[in-house]
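> I'm passing along input27.pdb; it holds PDB, C-alpha atoms.
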MODEL        1
ATOM      1  CA  MET A   1     -14.528 -27.756  27.665
ATOM      2  CA  ILE A   2     -16.010 -27.974  31.161
ATOM      3  CA  MET A   3     -19.519 -28.426  29.760
ATOM      4  CA  ILE A   4     -18.419 -31.149  27.353
ATOM      5  CA  LYS A   5     -16.454 -32.948  30.066
ATOM      6  CA  THR A   6     -19.262 -32.851  32.639
ATOM      7  CA  MET A   7     -22.328 -33.352  30.421
ATOM      8  CA  ALA A   8     -21.321 -35.346  27.340
ATOM      9  CA  ASP A   9     -20.957 -39.124  27.228
ATOM     10  CA  ASN A  10     -20.327 -41.748  24.526
ATOM     11  CA  ASN A  11     -23.846 -41.217  23.158
ATOM     12  CA  SER A  12     -23.496 -37.433  22.798
ATOM     13  CA  ASN A  13     -22.951 -35.450  19.619
ATOM     14  CA  VAL A  14     -20.956 -32.271  20.137
ATOM     15  CA  VAL A  15     -21.284 -29.585  17.456
ATOM     16  CA  LEU A  16     -18.607 -26.875  17.302
ATOM     17  CA  SER A  17     -19.626 -23.821  15.283
ATOM     18  CA  GLY A  18     -17.057 -21.364  14.021
ATOM     19  CA  ASP A  19     -14.534 -20.489  11.356
ATOM     20  CA  PRO A  20     -10.862 -21.325  12.053
ATOM     21  CA  LYS A  21      -9.840 -19.009   9.193
ATOM     22  CA  GLN A  22     -11.165 -15.918  10.990
ATOM     23  CA  LEU A  23     -10.445 -14.381  14.409
ATOM     24  CA  GLY A  24      -8.265 -16.606  16.559
ATOM     25  CA  PRO A  25      -7.756 -16.582  20.333
ATOM     26  CA  ILE A  26      -6.394 -13.408  21.951
ATOM     27  CA  ILE A  27      -3.512 -14.626  24.122
ATOM     28  CA  ARG A  28      -1.853 -12.281  26.607
ATOM     29  CA  SER A  29      -0.038 -14.957  28.604
ATOM     30  CA  GLY A  30       3.360 -16.119  27.355
ATOM     31  CA  VAL A  31       2.891 -19.391  29.238
ATOM     32  CA  ALA A  32      -0.453 -20.046  27.519
ATOM     33  CA  ARG A  33       1.145 -19.316  24.156
ATOM     34  CA  GLU A  34       4.007 -21.736  24.836
ATOM     35  CA  LEU A  35       1.425 -24.395  25.711
ATOM     36  CA  GLY A  36      -0.214 -23.938  22.289
ATOM     37  CA  LEU A  37      -3.369 -22.109  23.389
ATOM     38  CA  ASP A  38      -2.901 -19.508  20.662
ATOM     39  CA  ILE A  39      -4.323 -22.187  18.342
ATOM     40  CA  SER A  40      -8.032 -22.740  18.966
ATOM     41  CA  TYR A  41      -9.577 -26.137  19.678
ATOM     42  CA  ILE A  42     -11.541 -26.125  16.414
ATOM     43  CA  GLU A  43      -8.366 -25.185  14.500
ATOM     44  CA  ARG A  44      -6.502 -28.118  16.046
ATOM     45  CA  LEU A  45      -9.361 -30.502  15.207
ATOM     46  CA  MET A  46      -9.319 -29.358  11.580
ATOM     47  CA  THR A  47      -5.734 -30.585  11.185
ATOM     48  CA  THR A  48      -6.728 -34.166  12.013
ATOM     49  CA  GLU A  49      -7.733 -36.787   9.456
ATOM     50  CA  ALA A  50     -11.272 -37.141  10.837
ATOM     51  CA  TYR A  51     -12.017 -33.539   9.816
ATOM     52  CA  ASP A  52     -10.250 -33.520   6.440
ATOM     53  CA  MET A  53     -12.610 -31.444   4.309
ATOM     54  CA  ARG A  54     -11.446 -33.101   1.097
ATOM     55  CA  ILE A  55     -12.828 -36.414   2.368
ATOM     56  CA  TYR A  56     -15.429 -35.771   5.063
ATOM     57  CA  THR A  57     -17.315 -32.634   3.990
ATOM     58  CA  GLY A  58     -20.960 -33.295   4.786
ATOM     59  CA  THR A  59     -20.073 -36.061   7.254
ATOM     60  CA  THR A  60     -17.938 -34.653  10.074
ATOM     61  CA  VAL A  61     -17.623 -31.133   8.622
ATOM     62  CA  VAL A  62     -20.233 -28.774   7.213
ATOM     63  CA  LYS A  63     -18.974 -25.731   5.335
ATOM     64  CA  LEU A  64     -21.261 -22.757   4.759
ATOM     65  CA  VAL A  65     -20.320 -21.344   1.345
ATOM     66  CA  LYS A  66     -22.906 -18.664   0.549
ATOM     67  CA  ASN A  67     -21.646 -15.172   1.380
ATOM     68  CA  PHE A  68     -24.407 -12.573   1.752
ATOM     69  CA  ARG A  69     -22.262  -9.619   2.827
ATOM     70  CA  SER A  70     -19.525  -8.717   0.367
ATOM     71  CA  HIS A  71     -19.062  -7.534  -3.188
ATOM     72  CA  LYS A  72     -17.530 -10.379  -5.223
ATOM     73  CA  ILE A  73     -14.253  -8.460  -5.663
ATOM     74  CA  ILE A  74     -13.902  -7.976  -1.900
ATOM     75  CA  LEU A  75     -14.605 -11.679  -1.451
ATOM     76  CA  GLN A  76     -12.131 -12.782  -4.125
ATOM     77  CA  PHE A  77      -8.865 -12.702  -2.158
ATOM     78  CA  PRO A  78     -10.009 -14.524   1.005
ATOM     79  CA  ASN A  79     -11.922 -16.982  -1.166
ATOM     80  CA  GLU A  80      -8.780 -17.883  -3.116
ATOM     81  CA  ARG A  81      -6.378 -17.704  -0.175
ATOM     82  CA  PHE A  82      -8.362 -19.390   2.607
ATOM     83  CA  TYR A  83     -11.479 -21.114   1.285
ATOM     84  CA  GLY A  84     -10.388 -23.025  -1.816
ATOM     85  CA  ASN A  85     -12.641 -20.920  -4.089
ATOM     86  CA  ASP A  86     -15.713 -22.535  -2.520
ATOM     87  CA  LEU A  87     -17.427 -19.294  -1.449
ATOM     88  CA  GLU A  88     -20.320 -18.016  -3.542
ATOM     89  CA  PRO A  89     -21.045 -14.254  -3.640
ATOM     90  CA  CYS A  90     -24.766 -13.943  -2.896
ATOM     91  CA  ALA A  91     -25.022 -10.383  -1.571
ATOM     92  CA  ASP A  92     -27.935  -8.174  -2.577
ATOM     93  CA  ARG A  93     -26.588  -6.305  -5.624
ATOM     94  CA  LYS A  94     -28.287  -3.065  -4.605
ATOM     95  CA  ILE A  95     -26.213  -3.063  -1.424
ATOM     96  CA  ALA A  96     -22.994  -4.614  -2.768
ATOM     97  CA  ASN A  97     -22.869  -2.212  -5.722
ATOM     98  CA  ALA A  98     -24.175   0.834  -3.866
ATOM     99  CA  MET A  99     -20.885   2.774  -3.958
ATOM    100  CA  LEU A 100     -19.683   1.753  -7.431
ATOM    101  CA  GLY A 101     -19.015   4.889  -9.466
ATOM    102  CA  SER A 102     -18.289   7.023  -6.390
ATOM    103  CA  SER A 103     -15.601   9.686  -6.808
ATOM    104  CA  GLN A 104     -13.948   8.294  -3.666
ATOM    105  CA  LEU A 105     -12.932   5.139  -5.537
ATOM    106  CA  ALA A 106      -9.576   5.148  -7.339
ATOM    107  CA  THR A 107     -11.143   2.887  -9.987
ATOM    108  CA  LYS A 108     -14.866   3.533 -10.216
ATOM    109  CA  TYR A 109     -15.948  -0.094 -10.457
ATOM    110  CA  PHE A 110     -13.376  -1.593  -8.077
ATOM    111  CA  PRO A 111     -14.849  -1.159  -4.572
ATOM    112  CA  ILE A 112     -11.559  -1.127  -2.608
ATOM    113  CA  VAL A 113      -9.135   1.754  -2.008
ATOM    114  CA  PHE A 114      -5.603   1.262  -0.655
ATOM    115  CA  HIS A 115      -4.381   4.646   0.590
ATOM    116  CA  ALA A 116      -0.750   4.903   1.735
ATOM    117  CA  VAL A 117      -0.226   7.421   4.541
ATOM    118  CA  HIS A 118       3.364   8.317   5.455
ATOM    119  CA  GLY A 119       2.539   9.350   8.985
ATOM    120  CA  ARG A 120       4.132   8.717  12.353
ATOM    121  CA  ASP A 121       2.973   6.212  14.950
ATOM    122  CA  GLN A 122       3.037   7.750  18.416
ATOM    123  CA  GLN A 123       2.415   6.774  22.024
ATOM    124  CA  GLU A 124       1.432   8.770  25.065
ATOM    125  CA  ALA A 125       3.459   8.348  28.238
ATOM    126  CA  SER A 126       0.478   6.893  30.105
ATOM    127  CA  SER A 127      -0.376   4.220  27.503
ATOM    128  CA  PRO A 128       1.418   1.521  25.474
ATOM    129  CA  SER A 129      -1.170   1.882  22.699
ATOM    130  CA  PHE A 130      -0.297   3.552  19.389
ATOM    131  CA  PHE A 131      -2.006   6.320  17.410
ATOM    132  CA  ASN A 132      -1.283   8.048  14.096
ATOM    133  CA  ILE A 133      -2.510  11.631  13.661
ATOM    134  CA  ASP A 134      -1.931  11.681   9.884
ATOM    135  CA  GLU A 135      -4.164   8.635   9.420
ATOM    136  CA  ILE A 136      -6.825  10.159  11.665
ATOM    137  CA  THR A 137      -6.805  13.291   9.496
ATOM    138  CA  GLN A 138      -7.145  11.179   6.332
ATOM    139  CA  VAL A 139      -9.989   9.106   7.781
ATOM    140  CA  LYS A 140     -11.817  12.296   8.743
ATOM    141  CA  THR A 141     -11.346  13.624   5.190
ATOM    142  CA  TYR A 142     -12.903  10.454   3.751
ATOM    143  CA  VAL A 143     -15.826  10.609   6.165
ATOM    144  CA  GLU A 144     -16.554  14.242   5.324
ATOM    145  CA  ALA A 145     -16.382  13.519   1.586
ATOM    146  CA  LEU A 146     -18.653  10.474   1.871
ATOM    147  CA  ARG A 147     -21.277  12.376   3.833
ATOM    148  CA  ALA A 148     -21.156  15.377   1.494
ATOM    149  CA  ASP A 149     -21.447  13.405  -1.770
ATOM    150  CA  ARG A 150     -24.951  14.092  -3.128
ATOM    151  CA  LEU A 151     -24.974  11.154  -5.554
ATOM    152  CA  TYR A 152     -23.536   8.544  -3.157
ATOM    153  CA  ARG A 153     -24.331  10.097   0.194
ATOM    154  CA  ALA A 154     -23.608   7.894   3.198
ATOM    155  CA  THR A 155     -25.106   8.236   6.665
ATOM    156  CA  ASP A 156     -23.245   7.608   9.918
ATOM    157  CA  ASP A 157     -24.924   4.206  10.132
ATOM    158  CA  ASP A 158     -23.483   3.239   6.721
ATOM    159  CA  ILE A 159     -19.861   3.760   7.816
ATOM    160  CA  GLY A 160     -17.700   1.718  10.172
ATOM    161  CA  ILE A 161     -14.103   2.506  11.131
ATOM    162  CA  ILE A 162     -11.763  -0.244  12.334
ATOM    163  CA  ALA A 163      -8.393   0.307  14.014
ATOM    164  CA  PRO A 164      -6.251  -2.237  15.884
ATOM    165  CA  TYR A 165      -5.192   0.156  18.674
ATOM    166  CA  HIS A 166      -7.362   1.543  21.477
ATOM    167  CA  ALA A 167      -5.593   4.919  21.414
ATOM    168  CA  GLN A 168      -6.357   5.317  17.704
ATOM    169  CA  CYS A 169     -10.022   4.498  18.301
ATOM    170  CA  LEU A 170     -10.251   7.122  21.068
ATOM    171  CA  LYS A 171      -8.627   9.826  18.951
ATOM    172  CA  LEU A 172     -10.718   8.938  15.892
ATOM    173  CA  ARG A 173     -13.914   9.309  17.948
ATOM    174  CA  ALA A 174     -12.713  12.675  19.241
ATOM    175  CA  ALA A 175     -11.816  13.886  15.729
ATOM    176  CA  LEU A 176     -15.186  12.822  14.310
ATOM    177  CA  ARG A 177     -17.294  14.131  17.183
ATOM    178  CA  ALA A 178     -18.169  17.408  15.444
ATOM    179  CA  VAL A 179     -18.481  15.790  12.005
ATOM    180  CA  ALA A 180     -20.126  12.391  12.405
ATOM    181  CA  ASP A 181     -20.639  11.654  16.067
ATOM    182  CA  SER A 182     -22.556   8.375  15.687
ATOM    183  CA  ILE A 183     -20.162   6.506  13.363
ATOM    184  CA  LYS A 184     -19.023   3.296  15.044
ATOM    185  CA  VAL A 185     -15.271   3.192  15.658
ATOM    186  CA  GLY A 186     -13.728   0.070  17.167
ATOM    187  CA  SER A 187     -11.413  -2.915  16.918
ATOM    188  CA  VAL A 188     -11.909  -5.967  14.701
ATOM    189  CA  GLU A 189     -13.329  -7.810  17.721
ATOM    190  CA  GLU A 190     -15.912  -5.076  18.304
ATOM    191  CA  PHE A 191     -17.133  -5.412  14.702
ATOM    192  CA  GLN A 192     -17.349  -9.209  14.768
ATOM    193  CA  GLY A 193     -20.732 -10.278  13.410
ATOM    194  CA  GLN A 194     -21.620  -6.759  12.250
ATOM    195  CA  GLU A 195     -21.599  -5.189   8.825
ATOM    196  CA  ARG A 196     -21.585  -1.708   7.265
ATOM    197  CA  LYS A 197     -21.979  -0.491   3.696
ATOM    198  CA  ILE A 198     -18.559   1.220   3.963
ATOM    199  CA  ILE A 199     -15.619   0.081   6.109
ATOM    200  CA  ILE A 200     -12.517   2.224   6.647
ATOM    201  CA  VAL A 201      -9.512   0.425   8.160
ATOM    202  CA  SER A 202      -6.793   2.483   9.839
ATOM    203  CA  THR A 203      -3.715   0.254  10.276
ATOM    204  CA  VAL A 204      -1.971   2.935  12.452
ATOM    205  CA  ARG A 205       1.621   1.711  12.318
ATOM    206  CA  SER A 206       3.807   3.722   9.953
ATOM    207  CA  ASN A 207       7.363   2.898  10.953
ATOM    208  CA  ARG A 208       9.859   1.617   8.369
ATOM    209  CA  ASP A 209      11.832  -0.164  11.116
ATOM    210  CA  PHE A 210       8.935  -2.610  11.535
TER
ENDMDL
END
Represent the supplied structure as C-alpha cells.

Amino acid sequence: MIMIKTMADNNSNVVLSGDPKQLGPIIRSGVARELGLDISYIERLMTTEAYDMRIYTGTTVVKLVKNFRSHKIILQFPNERFYGNDLEPCADRKIANAMLGSSQLATKYFPIVFHAVHGRDQQEASSPSFFNIDEITQVKTYVEALRADRLYRATDDDIGIIAPYHAQCLKLRAALRAVADSIKVGSVEEFQGQERKIIIVSTVRSNRDF
C-alpha cells in the first residue's frame, strides 16, 4: 500500500498477483478484525464490478487455470467449490499416479484417505497450543508403512506432514526423529508454494464439544 501510494500515479498500472480463494490474512488483533482487515485487499477488489470474472476475464482479471500439481480427483472438490470448474488437471501422470494401487489407500485408485481418530486434544500448562497423541501415533504408523512398502516405497523427501498447531508439529518431529528424521513437518503457511508426493494432514482437534 505504501509503495503504491508513494510511487504510482494516474499513468501507472498496478498488478496484484495472488489467489483470494487460498490462504487469507492471519489476524491476531481484534481491532484489525473489526476494521475488516481479515479480508485481503485483493479479495475486496474481486467483489467489485470492475473485477467481475464473468465479464472482465482477460481484461482486468487473468485467471491461471492449468494445475500441474494434483491428481484430478484431489483437484475435483476445490475446482467445483471455488473455481467454477475452470481448472485443468495437467500434472505429470507418473507423479500424480505414483501411489495408485498402494495398500495404504482405502480404495486403490482413489488417492485420498480420510482416517477418523478418536483421540484427545491436550495442552501443556506452558502453552495454549494443542496436540493429540493418538493422531501422532497414527501418523507415525503411516510413515513407517510408506517407507517400508517395497512396491511403493517413499523417501523422507516424498512425504510432508501438515498440522495447524505448533505443539503438534513439535511432538510429531520428536516422534519421527528415530524413524524419518528429515520429513518436513509444519503448518499450512510453512508449506505454501511447496509440494510433496504424499501429504499427511493431522487436524489435531478431537473434542465433540467443538
> Given the choices A:Ile55, A:Asp19, A:Ser129, A:Asp209, which gets closest to His166 (chain A) if the distance is worked out from only C-alpha atoms?
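Among A:Ile55, A:Asp19, A:Ser129, A:Asp209, it is A:Ser129 that comes nearest to His166 (chain A).
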> Taking all atoms of region 20-24 of chain A that the file lists and extending 3 Å past them on each side, where is the centre of the axis-aligned box and how long are its edges? Answer in Å to one decimal, as JSON.

{"center_x": -9.7, "center_y": -17.9, "center_z": 12.9, "size_x": 8.9, "size_y": 12.9, "size_z": 13.4}
> Evaluate the PyMOL selection byres ((chain A and resi 39) around 10) and record the selected residues as a list in words, following the chain and residue labels used in the document.
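The output of the PyMOL selection byres ((chain A and resi 39) around 10) on this file is Pro20, Gly24, Pro25, Ile26, Ile27, Arg33, Leu35, Gly36, Leu37, Asp38, Ser40, Tyr41, Ile42, Glu43 and Arg44 of chain A.
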> Tell me which of A:Gln168, A:Gln194, A:Ser102, A:Ser182 sits closest to Asn132 (chain A), counting all atoms listed in the file.
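Ranked by minimum distance to Asn132 (chain A), first place goes to A:Gln168.
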> Can you work out the spacing between CA of Glu135 (chain A) and CA of Arg177 (chain A) in Å, to one decimal?
16.2 Å
> Take CA of Leu146 (chain A) and CA of Ile161 (chain A) and report the distance between them in Å, one decimal.
13.0 Å
> Which residues are close to Arg196 (chain A), i.e. within 10 Å by all atoms listed in the file, leaving aside same-chain residues fewer than 4 positions away? Reply as a PDB file with C-alpha atoms, in the coordinates of the input.

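Printed below is around_9.pdb as written:
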ATOM      1  CA  ARG A  69     -22.262  -9.619   2.827  1.00  0.00           C
ATOM      2  CA  ILE A  95     -26.213  -3.063  -1.424  1.00  0.00           C
ATOM      3  CA  ASP A 156     -23.245   7.608   9.918  1.00  0.00           C
ATOM      4  CA  ASP A 157     -24.924   4.206  10.132  1.00  0.00           C
ATOM      5  CA  ASP A 158     -23.483   3.239   6.721  1.00  0.00           C
ATOM      6  CA  ILE A 159     -19.861   3.760   7.816  1.00  0.00           C
ATOM      7  CA  GLY A 160     -17.700   1.718  10.172  1.00  0.00           C
ATOM      8  CA  ILE A 161     -14.103   2.506  11.131  1.00  0.00           C
ATOM      9  CA  LYS A 184     -19.023   3.296  15.044  1.00  0.00           C
ATOM     10  CA  PHE A 191     -17.133  -5.412  14.702  1.00  0.00           C
ATOM     11  CA  ILE A 200     -12.517   2.224   6.647  1.00  0.00           C
TER      12      ILE A 200
END
> With a distance cut-off of 8 Å and all atoms listed in the file, select the neighbouring residues of Pro111 (chain A), excluding the residue or stretch itself and same-chain residues fewer than 6 positions from it, and output the selection as a ChimeraX atom specification.
/A:71,73-74,99-100,105
> Next, dump the selected residues to file, keeping only C-alpha atoms, as a tab-separated table (two decimals), keeping the file's coordinate frame.

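Dumped everything to part.tsv:
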chain	number	residue	atom	x	y	z
A	71	HIS	CA	-19.06	-7.53	-3.19
A	73	ILE	CA	-14.25	-8.46	-5.66
A	74	ILE	CA	-13.90	-7.98	-1.90
A	99	MET	CA	-20.88	2.77	-3.96
A	100	LEU	CA	-19.68	1.75	-7.43
A	105	LEU	CA	-12.93	5.14	-5.54
> Return the single residue from A:Asp134, A:Gln192, A:Cys90, A:Ser202 that is closest to Leu23 (chain A), with distances computed using only C-alpha atoms.
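Closest candidate: A:Gln192.
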